[in-house]
file input-v4.txt (compact mmCIF, C-alpha atoms)
# COMPACT_ATOMS: atom_id res chain seq x y z
CA MET A 225 64.90 -76.70 41.74
CA ARG A 226 63.97 -78.34 45.01
CA VAL A 227 60.86 -80.37 45.64
CA CYS A 228 58.87 -81.85 48.48
CA ILE A 229 57.12 -85.15 47.77
CA GLU A 230 54.60 -87.12 49.80
CA LYS A 231 56.28 -90.53 50.23
CA SER A 232 53.05 -92.52 50.58
CA THR A 233 51.61 -91.32 47.28
CA GLY A 234 54.59 -89.97 45.34
CA LYS A 235 52.67 -86.74 44.79
CA LEU A 236 54.39 -83.40 44.57
CA ILE A 237 53.58 -81.25 47.60
CA GLU A 238 55.65 -78.18 46.75
CA SER A 239 58.48 -76.98 44.55
CA GLN A 240 60.75 -73.97 44.89
CA SER A 241 63.47 -72.58 42.70
CA GLY A 242 66.97 -72.03 43.95
CA GLY A 243 68.60 -73.39 47.02
CA GLU A 244 71.77 -75.35 47.31
CA ASN A 245 72.03 -76.87 50.78
CA GLN A 246 70.14 -78.82 53.44
CA GLU A 247 68.84 -75.61 55.04
CA HIS A 248 66.89 -74.87 51.87
CA LEU A 249 65.48 -78.40 51.84
CA ASP A 250 64.54 -78.06 55.51
CA THR A 251 62.33 -75.11 54.55
CA LEU A 252 60.28 -77.44 52.34
CA ILE A 253 60.00 -79.99 55.15
CA GLN A 254 58.76 -77.33 57.56
CA ASN A 255 56.27 -76.02 55.01
CA ALA A 256 54.86 -79.53 54.56
CA ILE A 257 54.61 -80.06 58.31
CA ASN A 258 52.88 -76.68 58.67
CA THR A 259 50.23 -77.77 56.17
CA GLY A 260 49.51 -81.07 57.91
CA TYR A 261 51.91 -83.63 56.46
CA ALA A 262 53.79 -85.96 58.80
CA LYS A 263 57.55 -85.44 58.72
CA GLU A 264 58.04 -89.18 58.16
CA ASP A 265 55.88 -89.02 55.01
CA VAL A 266 57.85 -86.19 53.38
CA GLU A 267 60.82 -86.50 51.03
CA VAL A 268 62.78 -83.47 49.83
CA LYS A 269 65.43 -83.32 47.14
CA PHE A 270 66.96 -81.29 44.36
CA VAL A 271 65.74 -82.10 40.83
CA ASP A 272 66.39 -80.92 37.31
CA ASP A 273 63.69 -79.58 34.96
CA ALA A 274 63.00 -83.00 33.42
CA GLU A 275 62.47 -84.63 36.82
CA LEU A 276 60.21 -81.76 37.87
CA SER A 277 58.08 -82.17 34.73
CA VAL A 278 57.62 -85.87 35.47
CA LEU A 279 56.63 -85.10 39.08
CA ILE A 280 54.13 -82.46 38.00
CA GLU A 281 52.52 -84.72 35.40
CA SER A 282 52.32 -87.69 37.75
CA SER A 283 50.76 -85.55 40.49
CA LYS A 284 47.79 -84.45 38.40
CA THR A 285 44.38 -85.78 39.33
CA PRO A 286 42.18 -87.39 36.67
CA GLU A 287 39.99 -84.28 36.85
CA GLN A 288 42.98 -82.02 36.12
CA VAL A 289 44.03 -84.18 33.19
CA ALA A 290 40.47 -84.17 31.83
CA ALA A 291 40.22 -80.39 32.21
CA GLU A 292 43.52 -79.87 30.37
CA GLU A 293 42.42 -82.23 27.60
CA ALA A 294 39.07 -80.43 27.30
CA ALA A 295 40.79 -77.04 27.11
CA ALA A 296 43.14 -78.31 24.41
CA ALA A 297 40.22 -79.78 22.45
CA ALA A 298 38.30 -76.51 22.73
CA LYS A 299 41.31 -74.57 21.45
CA ILE A 300 41.65 -76.91 18.48
CA ALA A 301 37.90 -76.69 17.76
CA LYS A 302 38.01 -72.90 17.87
CA ALA A 303 40.92 -72.77 15.45
CA GLN A 304 39.11 -75.18 13.13
CA ALA A 305 35.93 -73.08 13.34
CA PHE A 306 37.89 -70.02 12.21
CA ILE A 307 39.37 -71.98 9.31
CA ASP A 308 35.99 -73.45 8.35
CA ASN A 309 34.35 -70.02 8.31
CA LEU A 310 37.02 -68.15 6.38
CA PRO A 311 36.08 -67.59 2.76
CA ARG A 312 38.63 -68.02 0.02
CA TRP A 313 40.72 -64.90 -0.58
CA ALA A 314 39.28 -64.55 -4.09
CA LEU A 315 35.80 -64.13 -2.60
CA VAL A 316 37.08 -61.54 -0.10
CA GLU A 317 38.82 -59.61 -2.87
CA THR A 318 35.73 -59.75 -5.09
CA THR A 319 33.53 -58.52 -2.24
CA ILE A 320 35.85 -55.59 -1.58
CA ASN A 321 36.09 -54.73 -5.26
CA ASN A 322 32.30 -54.87 -5.62
CA ILE A 323 31.57 -52.43 -2.79
CA GLY A 324 29.50 -49.85 -4.54
CA ASN A 325 27.74 -47.97 -1.80
CA LEU A 326 27.93 -47.04 1.85
CA ALA A 327 25.67 -49.90 2.99
CA ASP A 328 27.94 -52.51 1.35
CA ALA A 329 31.01 -50.86 2.86
CA LYS A 330 29.43 -50.85 6.34
CA ALA A 331 28.47 -54.52 6.03
CA PHE A 332 32.00 -55.48 5.03
CA LEU A 333 33.61 -53.38 7.78
CA LEU A 334 31.27 -54.90 10.36
CA LYS A 335 32.37 -58.42 9.38
CA LEU A 336 36.02 -57.36 9.46
CA ALA A 337 35.57 -55.72 12.87
CA ARG A 338 33.85 -58.83 14.25
CA VAL A 339 36.75 -61.08 13.26
CA THR A 340 39.29 -58.62 14.66
CA TYR A 341 37.31 -58.43 17.92
CA TRP A 342 37.13 -62.22 18.23
CA LEU A 343 40.85 -62.54 17.68
CA ALA A 344 41.72 -59.75 20.12
CA LYS A 345 39.32 -60.80 22.90
CA ASN A 346 39.63 -64.55 22.29
CA THR A 347 35.86 -64.84 22.45
CA GLU A 348 32.89 -64.30 20.15
CA GLU A 349 31.25 -61.91 22.61
call {"tool": "encode", "arguments": {"input": "input-v4.txt", "output": "C-alpha cells"}}
result
Amino acid sequence: MRVCIEKSTGKLIESQSGGENQEHLDTLIQNAINTGYAKEDVEVKFVDDAELSVLIESSKTPEQVAAEEAAAAAKIAKAQAFIDNLPRWALVETTINNIGNLADAKAFLLKLARVTYWLAKNTEE
C-alpha cells in the first residue's frame, strides 16, 4: 500500500494499493499537486496495513468520529430493542398452539412477517 500524507498536518491525503517503485509514489505526488497541495507539503511512502489503519484513524475529523460513534450506538440500541421486545419462546409456542381460528392465525402471521421484514430491510418501515 502506498500513501500520500500532508506534512503540515499529518493527515492522509490519498492511499492506493500496489506499486513497488518511485514511479508509483510519484503518481501520488502528482495527484496531490493536482488537487491543490504544495509539493513541499506532501510526503509519500509505502506502508503496511497496520500503518495505514493508524493513518486513517488519525486523519478522521471530530465530526467523522462522532458520526461513527453515533452509528455504532444506534446499531447497539436496535439490537437491544429486538432483544427487549422478543417474548420468551414458551409464550411463542403457547400462542402458536392456541391458534384456534383464522383471525388468530392472521394476527400471528402478521407479527412474524413484520419481524422478518424488519430483519430483511434493516428498518421498521
call {"tool": "closest_residue", "arguments": {"input": "input-v4.txt", "among": "A:Ala296, A:Leu336, A:Leu315, A:Ile237", "to": "Gly260 of chain A", "atoms": "only C-alpha atoms"}}
result
A:Ile237
call {"tool": "closest_residue", "arguments": {"input": "input-v4.txt", "among": "A:Lys330, A:Ile229, A:Val339, A:Phe270", "to": "Asn255 of chain A", "atoms": "all atoms listed in the file"}}
result
A:Ile229
call {"tool": "atom_distance", "arguments": {"input": "input-v4.txt", "atom1": "atom CA of Leu249 of chain A", "atom2": "atom CA of Pro286 of chain A"}}
result
29.2 Å
call {"tool": "axis_aligned_box", "arguments": {"input": "input-v4.txt", "around": "segment 317-324 of chain A", "padding_each_side": "3 Å", "output": "lines of an AutoDock Vina configuration file"}}
result
center_x = 34.2
center_y = -54.8
center_z = -3.6
size_x = 15.3
size_y = 15.9
size_z = 10.0
call {"tool": "atom_distance", "arguments": {"input": "input-v4.txt", "atom1": "atom CA of Leu326 of chain A", "atom2": "atom CA of Glu348 of chain A"}}
result
25.6 Å
call {"tool": "closest_residue", "arguments": {"input": "input-v4.txt", "among": "A:Lys345, A:Lys231, A:Thr319, A:His248", "to": "Glu264 of chain A", "atoms": "all atoms listed in the file"}}
result
A:Lys231
call {"tool": "atom_distance", "arguments": {"input": "input-v4.txt", "atom1": "atom CA of Ser283 of chain A", "atom2": "atom CA of Glu230 of chain A"}}
result
10.2 Å
call {"tool": "closest_residue", "arguments": {"input": "input-v4.txt", "among": "A:Asp250, A:Glu238, A:Asp308, A:Glu293", "to": "Leu276 of chain A", "atoms": "only C-alpha atoms"}}
result
A:Glu238
call {"tool": "closest_residue", "arguments": {"input": "input-v4.txt", "among": "A:Gln240, A:Ala297, A:Val289, A:Arg226", "to": "Glu267 of chain A", "atoms": "all atoms listed in the file"}}
result
A:Arg226
call {"tool": "closest_residue", "arguments": {"input": "input-v4.txt", "among": "A:Glu317, A:Arg312, A:Thr285, A:Asn346", "to": "Lys299 of chain A", "atoms": "only C-alpha atoms"}}
result
A:Asn346
call {"tool": "decode", "arguments": {"input": "input-v4.txt", "residues": "segment 242-337 of chain A", "atoms": "C-alpha atoms", "output": "PDB file, in the first residue's frame"}}
result
ATOM      1  CA  GLY A 242       0.024  -1.872  -5.243  1.00  0.00           C
ATOM      2  CA  GLY A 243       3.089  -0.185  -6.546  1.00  0.00           C
ATOM      3  CA  GLU A 244       6.673  -1.006  -5.868  1.00  0.00           C
ATOM      4  CA  ASN A 245       8.893   1.826  -7.082  1.00  0.00           C
ATOM      5  CA  GLN A 246       9.354   5.599  -7.062  1.00  0.00           C
ATOM      6  CA  GLU A 247       7.271   5.992 -10.228  1.00  0.00           C
ATOM      7  CA  HIS A 248       4.237   4.721  -8.345  1.00  0.00           C
ATOM      8  CA  LEU A 249       4.928   7.130  -5.483  1.00  0.00           C
ATOM      9  CA  ASP A 250       5.325   9.976  -7.971  1.00  0.00           C
ATOM     10  CA  THR A 251       1.755   9.326  -9.111  1.00  0.00           C
ATOM     11  CA  LEU A 252       0.550  10.132  -5.597  1.00  0.00           C
ATOM     12  CA  ILE A 253       2.628  13.313  -5.517  1.00  0.00           C
ATOM     13  CA  GLN A 254       1.173  14.458  -8.824  1.00  0.00           C
ATOM     14  CA  ASN A 255      -2.365  13.663  -7.672  1.00  0.00           C
ATOM     15  CA  ALA A 256      -1.830  15.782  -4.550  1.00  0.00           C
ATOM     16  CA  ILE A 257      -0.422  18.666  -6.580  1.00  0.00           C
ATOM     17  CA  ASN A 258      -3.370  18.416  -8.980  1.00  0.00           C
ATOM     18  CA  THR A 259      -5.784  18.822  -6.072  1.00  0.00           C
ATOM     19  CA  GLY A 260      -4.037  21.893  -4.664  1.00  0.00           C
ATOM     20  CA  TYR A 261      -1.367  20.652  -2.266  1.00  0.00           C
ATOM     21  CA  ALA A 262       2.127  22.128  -2.430  1.00  0.00           C
ATOM     22  CA  LYS A 263       4.771  19.596  -3.429  1.00  0.00           C
ATOM     23  CA  GLU A 264       6.866  20.615  -0.408  1.00  0.00           C
ATOM     24  CA  ASP A 265       3.967  19.746   1.926  1.00  0.00           C
ATOM     25  CA  VAL A 266       3.486  16.215   0.575  1.00  0.00           C
ATOM     26  CA  GLU A 267       5.121  13.020   1.809  1.00  0.00           C
ATOM     27  CA  VAL A 268       4.677   9.686   0.035  1.00  0.00           C
ATOM     28  CA  LYS A 269       5.720   6.249   1.210  1.00  0.00           C
ATOM     29  CA  PHE A 270       4.884   2.577   1.281  1.00  0.00           C
ATOM     30  CA  VAL A 271       3.083   1.329   4.411  1.00  0.00           C
ATOM     31  CA  ASP A 272       1.727  -1.934   5.739  1.00  0.00           C
ATOM     32  CA  ASP A 273      -1.898  -2.488   6.783  1.00  0.00           C
ATOM     33  CA  ALA A 274      -1.251  -1.558  10.420  1.00  0.00           C
ATOM     34  CA  GLU A 275       0.382   1.750   9.484  1.00  0.00           C
ATOM     35  CA  LEU A 276      -2.474   2.506   7.091  1.00  0.00           C
ATOM     36  CA  SER A 277      -5.052   1.877   9.829  1.00  0.00           C
ATOM     37  CA  VAL A 278      -3.262   4.308  12.139  1.00  0.00           C
ATOM     38  CA  LEU A 279      -3.136   6.949   9.384  1.00  0.00           C
ATOM     39  CA  ILE A 280      -6.824   6.540   8.600  1.00  0.00           C
ATOM     40  CA  GLU A 281      -7.858   6.788  12.250  1.00  0.00           C
ATOM     41  CA  SER A 282      -5.659   9.805  12.921  1.00  0.00           C
ATOM     42  CA  SER A 283      -6.993  11.594   9.826  1.00  0.00           C
ATOM     43  CA  LYS A 284     -10.626  11.479  10.924  1.00  0.00           C
ATOM     44  CA  THR A 285     -12.289  14.734  11.894  1.00  0.00           C
ATOM     45  CA  PRO A 286     -14.132  15.005  15.218  1.00  0.00           C
ATOM     46  CA  GLU A 287     -17.369  15.028  13.209  1.00  0.00           C
ATOM     47  CA  GLN A 288     -16.445  11.744  11.493  1.00  0.00           C
ATOM     48  CA  VAL A 289     -15.569  10.145  14.818  1.00  0.00           C
ATOM     49  CA  ALA A 290     -18.843  11.363  16.336  1.00  0.00           C
ATOM     50  CA  ALA A 291     -20.832  10.057  13.362  1.00  0.00           C
ATOM     51  CA  GLU A 292     -19.171   6.635  13.606  1.00  0.00           C
ATOM     52  CA  GLU A 293     -19.821   6.508  17.345  1.00  0.00           C
ATOM     53  CA  ALA A 294     -23.469   7.504  16.818  1.00  0.00           C
ATOM     54  CA  ALA A 295     -23.911   4.826  14.152  1.00  0.00           C
ATOM     55  CA  ALA A 296     -22.394   2.196  16.440  1.00  0.00           C
ATOM     56  CA  ALA A 297     -24.632   3.304  19.325  1.00  0.00           C
ATOM     57  CA  ALA A 298     -27.705   3.161  17.085  1.00  0.00           C
ATOM     58  CA  LYS A 299     -26.798  -0.359  15.967  1.00  0.00           C
ATOM     59  CA  ILE A 300     -26.401  -1.481  19.572  1.00  0.00           C
ATOM     60  CA  ALA A 301     -29.697   0.181  20.548  1.00  0.00           C
ATOM     61  CA  LYS A 302     -31.506  -1.514  17.678  1.00  0.00           C
ATOM     62  CA  ALA A 303     -30.157  -4.922  18.656  1.00  0.00           C
ATOM     63  CA  GLN A 304     -31.173  -4.297  22.265  1.00  0.00           C
ATOM     64  CA  ALA A 305     -34.665  -3.203  21.154  1.00  0.00           C
ATOM     65  CA  PHE A 306     -35.091  -6.506  19.305  1.00  0.00           C
ATOM     66  CA  ILE A 307     -33.969  -8.424  22.382  1.00  0.00           C
ATOM     67  CA  ASP A 308     -36.212  -6.385  24.692  1.00  0.00           C
ATOM     68  CA  ASN A 309     -39.260  -6.980  22.502  1.00  0.00           C
ATOM     69  CA  LEU A 310     -38.809 -10.700  21.921  1.00  0.00           C
ATOM     70  CA  PRO A 311     -41.125 -12.796  24.050  1.00  0.00           C
ATOM     71  CA  ARG A 312     -39.892 -15.942  25.714  1.00  0.00           C
ATOM     72  CA  TRP A 313     -40.055 -18.989  23.448  1.00  0.00           C
ATOM     73  CA  ALA A 314     -42.619 -20.619  25.752  1.00  0.00           C
ATOM     74  CA  LEU A 315     -45.025 -17.742  25.085  1.00  0.00           C
ATOM     75  CA  VAL A 316     -44.453 -18.010  21.321  1.00  0.00           C
ATOM     76  CA  GLU A 317     -45.059 -21.760  21.415  1.00  0.00           C
ATOM     77  CA  THR A 318     -48.207 -21.327  23.520  1.00  0.00           C
ATOM     78  CA  THR A 319     -49.536 -18.671  21.147  1.00  0.00           C
ATOM     79  CA  ILE A 320     -48.981 -20.934  18.150  1.00  0.00           C
ATOM     80  CA  ASN A 321     -50.547 -23.912  19.895  1.00  0.00           C
ATOM     81  CA  ASN A 322     -53.569 -21.827  20.904  1.00  0.00           C
ATOM     82  CA  ILE A 323     -54.371 -20.602  17.389  1.00  0.00           C
ATOM     83  CA  GLY A 324     -57.935 -21.691  17.013  1.00  0.00           C
ATOM     84  CA  ASN A 325     -59.289 -19.669  14.156  1.00  0.00           C
ATOM     85  CA  LEU A 326     -58.308 -17.781  11.046  1.00  0.00           C
ATOM     86  CA  ALA A 327     -58.208 -14.384  12.794  1.00  0.00           C
ATOM     87  CA  ASP A 328     -55.689 -15.656  15.382  1.00  0.00           C
ATOM     88  CA  ALA A 329     -53.590 -17.227  12.627  1.00  0.00           C
ATOM     89  CA  LYS A 330     -53.587 -13.979  10.618  1.00  0.00           C
ATOM     90  CA  ALA A 331     -52.574 -11.960  13.687  1.00  0.00           C
ATOM     91  CA  PHE A 332     -49.685 -14.298  14.414  1.00  0.00           C
ATOM     92  CA  LEU A 333     -48.516 -14.374  10.779  1.00  0.00           C
ATOM     93  CA  LEU A 334     -48.647 -10.581  10.621  1.00  0.00           C
ATOM     94  CA  LYS A 335     -46.340 -10.303  13.644  1.00  0.00           C
ATOM     95  CA  LEU A 336     -43.999 -12.902  12.165  1.00  0.00           C
ATOM     96  CA  ALA A 337     -43.970 -11.111   8.802  1.00  0.00           C
TER      97      ALA A 337
END
